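Colleague: Sharing protein.cif, mmCIF, C-alpha atoms and all ligand atoms:
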data_coords
loop_
_atom_site.label_atom_id
_atom_site.label_comp_id
_atom_site.auth_asym_id
_atom_site.auth_seq_id
_atom_site.Cartn_x
_atom_site.Cartn_y
_atom_site.Cartn_z
CA MET A 6 95.21 68.49 104.51
CA LYS A 7 94.10 68.87 108.11
CA LEU A 8 93.26 72.34 109.40
CA LEU A 9 95.21 72.91 112.64
CA SER A 10 94.33 76.48 113.59
CA LEU A 11 92.92 79.78 112.39
CA ARG A 12 93.88 83.24 113.65
CA LEU A 13 92.16 86.49 112.77
CA HIS A 14 94.47 89.50 112.76
CA HIS A 15 92.23 92.58 112.96
CA ILE A 16 94.03 95.61 111.53
CA GLU A 17 93.40 99.28 110.94
CA MET A 18 95.33 101.18 108.27
CA PRO A 19 94.95 104.91 107.54
CA LEU A 20 93.97 105.84 103.96
CA VAL A 21 96.09 108.42 102.12
CA SER A 22 92.87 110.37 101.43
CA PRO A 23 89.18 109.83 102.24
CA PHE A 24 87.37 107.50 99.80
CA THR A 25 83.77 108.53 99.13
CA THR A 26 81.21 106.39 97.35
CA SER A 27 77.45 106.76 97.08
CA PHE A 28 77.17 104.68 100.28
CA SER A 29 79.94 105.98 102.59
CA THR A 30 83.14 107.91 103.19
CA GLN A 31 86.05 105.79 104.43
CA THR A 32 89.09 107.41 106.07
CA ALA A 33 90.69 104.21 107.35
CA LYS A 34 90.65 100.59 106.30
CA ARG A 35 89.54 98.19 108.99
CA THR A 36 89.69 94.51 108.12
CA PHE A 37 91.20 91.23 109.26
CA LEU A 38 93.69 88.85 107.77
CA VAL A 39 93.13 85.12 108.23
CA GLU A 40 96.22 83.09 109.13
CA ALA A 41 95.58 79.37 108.61
CA GLN A 42 97.84 76.52 109.67
CA LEU A 43 97.39 73.20 107.92
CA GLU A 44 99.14 69.87 108.03
CA THR A 45 99.79 68.21 104.69
CA ALA A 46 99.53 64.46 104.02
CA SER A 47 103.31 64.20 104.47
CA GLY A 48 103.12 65.84 107.91
CA GLU A 49 104.47 69.24 106.89
CA VAL A 50 102.88 72.23 108.65
CA VAL A 51 102.15 75.15 106.29
CA THR A 52 100.78 78.63 106.87
CA GLY A 53 98.57 80.60 104.47
CA TRP A 54 97.04 84.07 104.49
CA GLY A 55 93.60 85.23 103.47
CA GLU A 56 92.00 88.66 103.57
CA ASN A 57 88.49 89.72 104.49
CA VAL A 58 86.78 92.23 102.18
CA ALA A 59 83.60 92.90 104.21
CA LEU A 60 83.42 96.60 105.06
CA ASP A 61 82.82 98.06 108.54
CA SER A 62 79.12 98.46 107.93
CA PRO A 63 76.63 96.55 105.76
CA VAL A 64 76.25 99.32 103.17
CA TYR A 65 77.89 97.65 100.16
CA SER A 66 76.81 94.08 100.92
CA PRO A 67 74.71 92.43 103.64
CA GLU A 68 77.96 91.27 105.24
CA HIS A 69 80.09 93.47 107.49
CA LEU A 70 83.44 93.15 109.20
CA GLU A 71 82.44 92.00 112.69
CA GLY A 72 79.74 89.75 111.28
CA ALA A 73 82.20 88.00 108.99
CA ALA A 74 84.65 87.48 111.87
CA TYR A 75 81.83 86.07 114.03
CA VAL A 76 80.65 83.70 111.32
CA ILE A 77 84.19 82.41 110.77
CA GLU A 78 84.81 81.87 114.48
CA HIS A 79 81.46 80.33 115.40
CA TRP A 80 80.29 78.59 112.24
CA LEU A 81 82.92 78.08 109.54
CA ALA A 82 85.90 77.18 111.72
CA PRO A 83 84.16 74.33 113.61
CA MET A 84 82.98 72.77 110.33
CA LEU A 85 86.45 72.98 108.83
CA PHE A 86 88.17 71.63 111.96
CA ALA A 87 85.80 68.65 111.88
CA ALA A 88 86.56 67.88 108.21
CA GLU A 89 89.06 65.16 107.30
CA ASP A 90 90.44 66.75 104.15
CA VAL A 91 90.55 70.52 103.85
CA THR A 92 91.82 71.89 100.55
CA ALA A 93 90.92 74.99 98.55
CA GLU A 94 88.77 72.71 96.38
CA THR A 95 86.84 71.19 99.32
CA VAL A 96 86.25 74.31 101.47
CA GLY A 97 83.21 75.39 99.44
CA HIS A 98 81.69 71.91 99.70
CA ILE A 99 82.40 71.57 103.44
CA LEU A 100 80.72 74.94 104.07
CA HIS A 101 77.89 74.27 101.63
CA LYS A 102 75.17 74.21 104.34
CA ILE A 103 75.97 77.77 105.45
CA ILE A 104 73.86 80.12 103.36
CA GLY A 105 75.33 83.35 102.02
CA ASN A 106 78.24 84.81 104.02
CA GLN A 107 80.35 84.78 100.87
CA MET A 108 82.96 87.18 102.23
CA ALA A 109 83.53 85.14 105.38
CA LYS A 110 83.83 81.96 103.31
CA ALA A 111 86.12 83.63 100.78
CA ALA A 112 88.58 84.84 103.44
CA VAL A 113 88.97 81.34 104.86
CA GLU A 114 89.17 79.59 101.47
CA MET A 115 91.82 82.11 100.47
CA ALA A 116 94.04 81.26 103.46
CA VAL A 117 93.71 77.52 102.74
CA LEU A 118 94.53 78.11 99.07
CA ASP A 119 97.66 80.11 99.91
CA ALA A 120 98.87 77.42 102.34
CA GLN A 121 98.19 74.62 99.86
CA LEU A 122 100.06 76.36 97.03
CA ARG A 123 103.00 77.17 99.34
CA ALA A 124 103.21 73.49 100.28
CA GLU A 125 103.38 72.67 96.56
CA GLY A 126 105.80 75.51 95.84
CA ARG A 127 103.36 76.69 93.19
CA SER A 128 102.21 80.21 92.34
CA PHE A 129 98.53 81.13 92.29
CA ALA A 130 98.94 82.35 88.70
CA SER A 131 100.21 78.91 87.64
CA TYR A 132 97.38 77.16 89.57
CA LEU A 133 94.76 79.29 87.78
CA GLY A 134 96.29 79.03 84.34
CA ALA A 135 97.15 82.70 84.02
CA VAL A 136 98.11 83.78 80.50
CA ARG A 137 99.81 87.16 81.22
CA ASP A 138 102.66 88.26 83.48
CA THR A 139 101.32 91.80 83.87
CA VAL A 140 97.77 93.13 84.13
CA PRO A 141 96.54 96.61 83.20
CA SER A 142 96.06 98.77 86.28
CA GLY A 143 92.92 100.85 86.67
CA VAL A 144 92.15 103.24 89.51
CA SER A 145 88.86 103.84 91.31
CA VAL A 146 88.33 107.52 92.09
CA GLY A 147 85.98 108.57 94.89
CA ILE A 148 83.26 111.23 94.67
CA GLN A 149 84.85 114.70 95.04
CA GLU A 150 83.45 117.95 96.45
CA SER A 151 83.36 119.71 93.08
CA VAL A 152 83.76 119.21 89.35
CA GLU A 153 87.14 121.00 89.57
CA ALA A 154 88.34 118.63 92.28
CA THR A 155 87.25 115.61 90.18
CA VAL A 156 89.24 116.87 87.20
CA GLY A 157 92.26 117.62 89.42
CA VAL A 158 92.33 114.24 91.16
CA ILE A 159 91.84 112.32 87.89
CA GLY A 160 94.59 114.39 86.24
CA GLY A 161 96.95 113.23 88.98
CA TYR A 162 96.20 109.55 88.33
CA ILE A 163 96.55 110.04 84.56
CA ASP A 164 99.98 111.63 85.16
CA GLN A 165 100.97 108.59 87.23
CA GLY A 166 100.14 106.41 84.21
CA TYR A 167 96.99 104.55 85.22
CA ALA A 168 95.53 102.59 82.29
CA ARG A 169 91.89 103.35 83.08
CA ILE A 170 89.90 105.71 85.29
CA LYS A 171 86.74 104.72 87.15
CA LEU A 172 84.81 107.55 88.76
CA LYS A 173 82.28 107.00 91.52
CA ILE A 174 78.97 108.79 90.85
CA GLN A 175 75.71 109.49 92.67
CA PRO A 176 72.71 111.73 92.02
CA GLY A 177 74.04 115.31 92.08
CA ALA A 178 77.59 114.24 91.20
CA ASP A 179 77.30 112.51 87.85
CA VAL A 180 76.75 114.03 84.37
CA ALA A 181 78.55 117.34 85.05
CA HIS A 182 81.61 115.53 86.48
CA VAL A 183 81.74 113.07 83.57
CA ALA A 184 81.35 115.87 81.02
CA ALA A 185 84.19 117.86 82.61
CA VAL A 186 86.53 114.85 82.62
CA ARG A 187 85.86 114.21 78.92
CA ARG A 188 86.31 117.92 78.10
CA GLU A 189 89.64 118.04 79.96
CA PHE A 190 91.19 114.69 78.99
CA GLY A 191 89.56 113.88 75.65
CA ASP A 192 87.59 110.99 74.21
CA ASP A 193 90.45 108.49 74.19
CA LEU A 194 90.78 108.22 77.96
CA PRO A 195 89.54 104.76 79.04
CA PHE A 196 86.85 105.99 81.41
CA GLN A 197 83.95 104.36 83.29
CA VAL A 198 81.65 105.16 86.21
CA ASP A 199 80.38 103.29 89.27
CA ALA A 200 77.07 104.24 90.94
CA ASN A 201 77.09 101.61 93.71
CA ALA A 202 73.34 101.15 93.40
CA ALA A 203 72.51 104.86 93.88
CA TYR A 204 69.75 105.08 91.23
CA THR A 205 66.41 103.49 90.42
CA LEU A 206 64.85 102.60 87.09
CA VAL A 207 62.85 105.84 87.34
CA ASP A 208 66.17 107.65 86.73
CA ALA A 209 66.60 106.01 83.29
CA ALA A 210 66.09 109.26 81.36
CA HIS A 211 68.70 110.98 83.49
CA LEU A 212 71.20 108.11 83.23
CA ARG A 213 70.75 108.13 79.46
CA ARG A 214 72.47 111.52 79.43
CA LEU A 215 75.71 109.63 80.17
CA ASP A 216 75.46 107.91 76.76
CA GLU A 217 77.08 110.79 74.88
CA TYR A 218 80.37 110.52 76.82
CA GLY A 219 81.61 107.21 75.40
CA LEU A 220 82.01 105.48 78.74
CA LEU A 221 83.43 101.94 78.78
CA LEU A 222 80.55 101.00 81.09
CA ILE A 223 78.34 102.05 83.97
CA GLU A 224 78.77 99.84 87.02
CA GLN A 225 75.81 98.83 89.20
CA PRO A 226 73.46 101.78 88.60
CA LEU A 227 70.54 100.03 90.39
CA GLY A 228 70.05 97.93 93.52
CA GLU A 229 71.66 94.60 94.31
CA ALA A 230 68.38 92.68 93.94
CA ASP A 231 67.35 94.51 90.74
CA ILE A 232 68.75 92.18 88.09
CA ARG A 233 65.58 92.34 86.00
CA GLN A 234 65.49 96.14 86.29
CA HIS A 235 69.09 96.31 85.07
CA ALA A 236 67.93 94.34 82.02
CA GLU A 237 65.20 96.95 81.48
CA LEU A 238 67.71 99.78 81.87
CA ALA A 239 70.02 98.12 79.35
CA LYS A 240 67.26 98.45 76.74
CA LEU A 241 66.99 102.17 77.45
CA MET A 242 70.65 103.24 77.26
CA HIS A 243 73.69 102.57 75.08
CA THR A 244 76.39 102.62 77.75
CA PRO A 245 77.17 98.97 78.61
CA ILE A 246 75.75 97.92 81.99
CA CYS A 247 78.25 96.22 84.30
CA LEU A 248 77.11 94.45 87.46
CA ASP A 249 79.06 94.41 90.72
CA GLU A 250 76.84 94.09 93.85
CA SER A 251 74.22 91.93 92.08
CA VAL A 252 76.64 89.17 91.14
CA VAL A 253 76.97 87.22 94.39
CA SER A 254 77.51 83.76 92.84
CA ALA A 255 77.99 81.91 89.57
CA GLU A 256 74.21 81.35 89.52
CA ALA A 257 73.54 85.07 89.79
CA ALA A 258 76.06 85.68 87.00
CA ALA A 259 74.27 83.13 84.80
CA ASP A 260 70.88 84.76 85.52
CA ALA A 261 72.21 88.25 84.79
CA ILE A 262 73.73 87.17 81.50
CA MET A 263 70.62 85.28 80.35
CA LEU A 264 68.34 88.19 81.28
CA GLY A 265 70.49 90.71 79.39
CA ALA A 266 71.25 92.58 82.61
CA ALA A 267 75.03 92.48 82.29
CA ALA A 268 77.08 93.32 79.20
CA VAL A 269 80.12 93.25 81.52
CA ILE A 270 80.75 91.72 84.96
CA ASN A 271 82.97 93.05 87.74
CA ILE A 272 84.36 89.94 89.46
CA LYS A 273 85.29 90.40 93.12
CA PRO A 274 86.42 87.14 94.68
CA GLY A 275 85.24 88.12 98.17
CA ARG A 276 81.75 89.07 97.01
CA VAL A 277 81.19 85.71 95.29
CA GLY A 278 82.58 83.40 97.99
CA GLY A 279 86.18 83.03 96.88
CA TYR A 280 88.68 82.75 94.04
CA LEU A 281 87.34 79.39 92.86
CA GLU A 282 83.82 80.77 92.36
CA ALA A 283 85.42 83.86 90.78
CA ARG A 284 87.09 81.61 88.21
CA ARG A 285 83.80 79.83 87.53
CA ILE A 286 82.14 83.19 86.81
CA HIS A 287 85.03 84.06 84.51
CA ASP A 288 84.45 80.78 82.65
CA ILE A 289 80.68 81.26 82.34
CA ALA A 290 81.07 84.86 81.15
CA ARG A 291 83.76 83.91 78.65
CA ALA A 292 81.57 81.17 77.21
CA HIS A 293 78.85 83.78 76.67
CA GLY A 294 81.15 86.42 75.20
CA ILE A 295 80.68 88.67 78.23
CA ALA A 296 83.72 90.75 79.25
CA VAL A 297 84.89 90.64 82.86
CA TRP A 298 87.34 92.64 84.94
CA CYS A 299 88.63 92.27 88.47
CA GLY A 300 87.14 94.61 91.05
CA GLY A 301 88.75 95.74 94.29
CA MET A 302 87.79 96.30 97.92
CA LEU A 303 90.74 98.46 99.03
CA GLU A 304 92.65 95.25 99.70
CA THR A 305 96.08 95.20 101.30
CA GLY A 306 98.98 93.73 99.33
CA VAL A 307 97.74 90.21 100.15
CA GLY A 308 94.38 90.57 98.41
CA ARG A 309 95.76 92.72 95.61
CA ALA A 310 98.43 90.14 94.79
CA ALA A 311 95.81 87.43 94.48
CA ASN A 312 93.58 89.71 92.39
CA ALA A 313 96.46 90.41 89.99
CA ALA A 314 96.85 86.67 89.34
CA LEU A 315 93.09 86.24 88.78
CA ALA A 316 93.08 89.16 86.35
CA ALA A 317 95.72 87.36 84.28
CA LEU A 318 93.11 84.81 83.11
CA PRO A 319 92.20 85.23 79.41
CA GLY A 320 88.62 86.45 79.92
CA PHE A 321 89.70 89.49 81.93
CA THR A 322 89.72 91.76 78.90
CA LEU A 323 89.13 95.08 80.68
CA PRO A 324 91.53 96.78 83.15
CA GLY A 325 90.68 95.98 86.78
CA ASP A 326 90.67 98.02 89.98
CA ILE A 327 94.19 96.78 90.62
CA SER A 328 95.98 99.98 91.59
CA GLY A 329 99.32 100.20 93.39
CA SER A 330 99.46 100.02 97.21
CA ASP A 331 100.23 103.76 97.31
CA ARG A 332 96.79 104.60 95.88
CA PHE A 333 95.27 103.89 99.31
CA TYR A 334 98.18 103.33 101.73
CA THR A 335 101.48 105.00 102.60
CA GLU A 336 102.63 101.68 103.99
CA ASP A 337 101.29 98.27 103.01
CA ILE A 338 101.22 95.18 105.20
CA THR A 339 103.30 93.10 102.78
CA THR A 340 107.11 93.29 102.66
CA GLU A 341 106.90 94.51 99.05
CA PRO A 342 104.13 96.93 98.11
CA ILE A 343 102.07 96.36 94.94
CA ARG A 344 103.58 98.68 92.33
CA MET A 345 101.89 100.20 89.31
CA HIS A 346 104.45 100.89 86.58
CA ASP A 347 103.80 101.80 82.95
CA GLY A 348 100.07 101.32 83.52
CA VAL A 349 100.42 97.71 84.68
CA VAL A 350 100.92 95.62 87.82
CA ASP A 351 103.16 92.55 87.71
CA VAL A 352 101.52 89.19 88.36
CA PRO A 353 103.32 87.64 91.37
CA THR A 354 105.37 84.52 90.60
CA GLY A 355 106.33 83.28 94.09
CA PRO A 356 104.62 80.36 95.87
CA GLY A 357 101.03 80.93 97.00
CA PHE A 358 99.94 84.49 96.42
CA GLY A 359 103.61 85.40 96.14
CA VAL A 360 103.72 88.06 98.86
CA GLU A 361 104.90 87.95 102.48
CA VAL A 362 103.09 89.58 105.38
CA ASP A 363 105.58 91.83 107.23
CA PRO A 364 105.36 90.78 110.91
CA ASP A 365 106.42 94.20 112.27
CA ARG A 366 103.89 96.13 110.20
CA LEU A 367 101.21 93.58 111.00
CA ALA A 368 101.90 94.09 114.72
CA ARG A 369 101.86 97.86 114.28
CA PHE A 370 98.53 97.96 112.39
CA ARG A 371 96.93 95.23 114.51
CA THR A 372 94.06 96.17 116.81
CA ARG A 373 93.06 92.67 117.94
CA LEU A 374 94.19 89.07 117.57
CA VAL A 375 91.65 86.27 117.78
CA ASP A 376 92.97 82.72 118.08
CA ILE A 377 90.59 80.02 116.92
CA PRO A 378 92.10 76.72 118.02
CA ALA A 379 90.84 73.40 116.68
O1 LIG B 1 82.05 99.29 94.10
O2 LIG B 1 83.90 98.70 93.30
C1 LIG B 1 83.23 99.09 94.25
C2 LIG B 1 85.50 99.78 97.22
C3 LIG B 1 84.71 99.34 98.26
C4 LIG B 1 83.46 98.88 97.99
C5 LIG B 1 82.98 98.85 96.68
C6 LIG B 1 83.79 99.27 95.64
C7 LIG B 1 85.06 99.77 95.91
C8 LIG B 1 85.96 100.32 94.92
C9 LIG B 1 87.43 100.30 95.26
O3 LIG B 1 85.60 100.85 93.90
C10 LIG B 1 88.26 99.72 94.19
C11 LIG B 1 89.66 99.42 94.69
O4 LIG B 1 89.83 98.63 95.64
O5 LIG B 1 90.59 99.95 94.10
MG MG B 2 81.50 98.70 92.18
#
What is this file in structure tokens?
Ligand code: OSB
Ligand code: MG
Modeller:
Amino acid sequence: MKLLSLRLHHIEMPLVSPFTTSFSTQTAKRTFLVEAQLETASGEVVTGWGENVALDSPVYSPEHLEGAAYVIEHWLAPMLFAAEDVTAETVGHILHKIIGNQMAKAAVEMAVLDAQLRAEGRSFASYLGAVRDTVPSGVSVGIQESVEATVGVIGGYIDQGYARIKLKIQPGADVAHVAAVRREFGDDLPFQVDANAAYTLVDAAHLRRLDEYGLLLIEQPLGEADIRQHAELAKLMHTPICLDESVVSAEAAADAIMLGAAAVINIKPGRVGGYLEARRIHDIARAHGIAVWCGGMLETGVGRAANAALAALPGFTLPGDISGSDRFYTEDITTEPIRMHDGVVDVPTGPGFGVEVDPDRLARFRTRLVDIPA
């Protein structure tokens, strides 16, 4: 295929409630959607949509929203426009010389992938080799003001039917919150925590106190670069260590597994450079008997739909952060919101990612439109 044009639709969507992690409090989602136009070998012009996951500020990853948009406009787009054959499978190779910038690369590859699958009339789930038509739906719960608030908010999600609860933690809001949740909802609740790199190895004795609460896992307790230290921590506590921030590529996943730093891996397509690299990490982990689950970045319906298909691969044996649109948004950007029902989300079956961007809502949420012509 030939890439004809790229457009970045910058949007801002209010969140239903503030989302606090150890690194920030978000009250609105600012991101951009990538609209790609490609011409197929038979001369058909197809459009595909991708979604950026880089946050406003570089507090979760080195990448951030404006940086990712800049890199796409000034570096990735020219290389792709110059290429003879642009497909989802060639994007990574064409952009190979650009170091890092996984989120920028992922957003563009995603748009090309959607366009390519739409041209073929094929769903993303079928392309991947998905083995399920629904995926269990977990919810990520932000840090609350008090233990009582944590119990109250989690109770609400349990009542809605979520299959698994993930609670954000940080020093000062960890053991007491976890203990209260277990006391209130019992030992059978599928329950895990995410520290977003808020601790250091010096905190090992403190983190070990979490061991008595039967957590499914603790996600990214230490820093992004601390793969070896995660391996040390794993020797000191029983709760399985899951890596998020540290796994930026298939190579990083391989290192983490071989070092004993990751009993579980959170796979986020944006963080690792796209859905194709995400599948490679799934394959590597599966071959090593390492469980994976699909993480989230407060995606709109576009990104969530694609994540649901990815999570339908056989190695995704733990519930992902694939909550319904209404967990973060009163109104989603897609014509149909992502719905959680009976603890699951349906894997889309339509061509491409199987969702349509609603032009009116897109216009309403849009703050800026950047045309990148060939
Ligand atoms: O660490 O998993 C994370 C959101 C933004 C940045 C990092 C993380 C998260 C979440 C949200 O936990 C999960 C979701 O999108 O539902
Ligand atoms: Mg995380």
Colleague: Draw an axis-aligned box over all listed atoms of region 57-64 of chain A, pad each side with 3 Å, and write its centre and edge lengths in Å, one decimal, as JSON.
Modeller:
{"center_x": 82.4, "center_y": 94.5, "center_z": 105.4, "size_x": 18.2, "size_y": 15.6, "size_z": 12.4}
Colleague: Skipping near chain neighbours, those fewer than 4 positions away, what residues fall within 8 Å of Ala290 (chain A) using only C-alpha atoms, listed as JSON, numbers by chain?
Modeller: {"A": [258, 259, 262, 270, 286, 294, 295, 296, 297, 320]}
Colleague: Restrict the calculation to all atoms listed in the file, then for each residue of region 292-368 of chain A with any atom at most 10 Å from an atom of region 28-50 of chain A give the closest atom pair and their distance in Å to one decimal, rows by chain and rising residue number, as a tab-separated table.
Modeller:
residue	atom	partner	partner_atom	distance
A:Met302	CA	A:Lys34	CA	9.8
A:Leu303	CA	A:Lys34	CA	7.6
A:Glu304	CA	A:Lys34	CA	8.7
A:Thr305	CA	A:Lys34	CA	9.1
A:Val307	CA	A:Leu38	CA	8.7
A:Gly308	CA	A:Leu38	CA	9.5
A:Phe333	CA	A:Lys34	CA	9.0
A:Tyr334	CA	A:Lys34	CA	9.2
A:Val362	CA	A:Leu38	CA	9.7
A:Leu367	CA	A:Leu38	CA	9.5
Colleague: For ligand MG 2 (chain B), collect every residue having any atom at a distance of at most 8 Å from a ligand atom (counting only C-alpha atoms and all ligand atoms); output as an MDAnalysis selection string.
Modeller: chainID A and resid 199:201 224:225 248:250 271 300
Colleague: Take the selection from the previous step and output its residues with C-alpha atoms, as an mmCIF file, keeping the file's coordinate frame.
Modeller:
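Wrote again-v6.cif, looks like this:
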data_model
loop_
_atom_site.group_PDB
_atom_site.id
_atom_site.type_symbol
_atom_site.label_atom_id
_atom_site.label_comp_id
_atom_site.auth_asym_id
_atom_site.auth_seq_id
_atom_site.Cartn_x
_atom_site.Cartn_y
_atom_site.Cartn_z
ATOM 1 C CA ASP A 199 80.380 103.290 89.270
ATOM 2 C CA ALA A 200 77.070 104.240 90.940
ATOM 3 C CA ASN A 201 77.090 101.610 93.710
ATOM 4 C CA GLU A 224 78.770 99.840 87.020
ATOM 5 C CA GLN A 225 75.810 98.830 89.200
ATOM 6 C CA LEU A 248 77.110 94.450 87.460
ATOM 7 C CA ASP A 249 79.060 94.410 90.720
ATOM 8 C CA GLU A 250 76.840 94.090 93.850
ATOM 9 C CA ASN A 271 82.970 93.050 87.740
ATOM 10 C CA GLY A 300 87.140 94.610 91.050
#
Colleague: When distances are computed from only C-alpha atoms, which of A:Ala181, A:Thr244, A:Val277, A:Met345 shows the smallest separation from Glu256 (chain A)?
Modeller: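 Closest candidate: A:Val277.
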Colleague: What separation in Å, quoted to one decimal, exists between CA of Arg276 (chain A) and CA of Ala59 (chain A)?
Modeller: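 Between these atoms lies a distance of 8.4 Å.
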Colleague: Rank nothing, just name the residue among A:Pro141, A:Gly55, A:Gly355, A:Pro83 nearest to Ile170 (chain A), using only C-alpha atoms.
Modeller: A:Pro141
Colleague: Kindly indicate which residue among A:Ala313, A:Leu264, A:Leu281, A:Leu238 lies nearest to ligand LIG 1 (chain B), using all atoms listed in the file for the distances.
Modeller: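 The answer is A:Ala313, which sits nearest to ligand LIG 1 (chain B).
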Colleague: Show which residues sit within 8 Å of Arg371 (chain A), as an MDAnalysis selection string. Count only C-alpha atoms, and ignore same-chain residues fewer than 4 positions away.
Modeller: chainID A and resid 14:17 367
Colleague: Kindly indicate which residue among A:Ala317, A:Val253, A:Ala82, A:Val146 lies nearest to ligand LIG 1 (chain B), using only C-alpha atoms and all ligand atoms for the distances.
Modeller: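 Checking each of A:Ala317, A:Val253, A:Ala82, A:Val146 against ligand LIG 1 (chain B), counting only C-alpha atoms and all ligand atoms, the winner is A:Val146.
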Colleague: Any idea what the distance is between CA of Tyr132 (chain A) and atom C9 of ligand LIG 1 (chain B)?
Modeller: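 Rounded to one decimal, the two atoms are 25.8 Å apart.
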Colleague: Name the residues, using the chain letters and numbers of the file, that sit within 12 Å of (95.0, 82.4, 82.7) when counting only C-alpha atoms, and give them as a ChimeraX atom specification.
Modeller: /A:129-140,284,287-288,313-322,352
Colleague: So what do you get for CA of Thr340 (chain A) versus CA of Asp365 (chain A), distance-wise?
Modeller: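 Computed distance, CA of Thr340 (chain A) to CA of Asp365 (chain A), equals 9.7 Å.
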Colleague: Using all atoms listed in the file, which of the listed residues (A:Lys110, A:His243, A:Lys7, A:Arg369) sits closest to Tyr75 (chain A)?
Modeller: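 Under the stated criterion, the closest residue is A:Lys110.
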Colleague: Considering all atoms listed in the file, can you say which of A:Ala116, A:Cys247, A:Ala283, A:Ile99 comes closest to Leu220 (chain A)?
Modeller: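 Looking only at the distances to Leu220 (chain A), the closest residue turns out to be A:Cys247.
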Colleague: Place a sphere of radius 12 Å on (62.8, 104.2, 84.0) in the file coordinates and name every protein, DNA or RNA residue with an atom inside or on its surface, counting all atoms listed in the file; give the answer as a PyMOL selection string.
Modeller: chain A and resi 204-213+226-227+234-242
Colleague: Neighbouring residues of Thr92 (chain A) were defined as those with any atom within 7 Å, considering only C-alpha atoms; residues of the same chain fewer than 3 positions away were excluded. Please report them as a list of chain:residue names.
Modeller: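 Answer for this query is A:Met6, A:Thr95, A:Val96, A:Val117, A:Leu118, A:Gln121.
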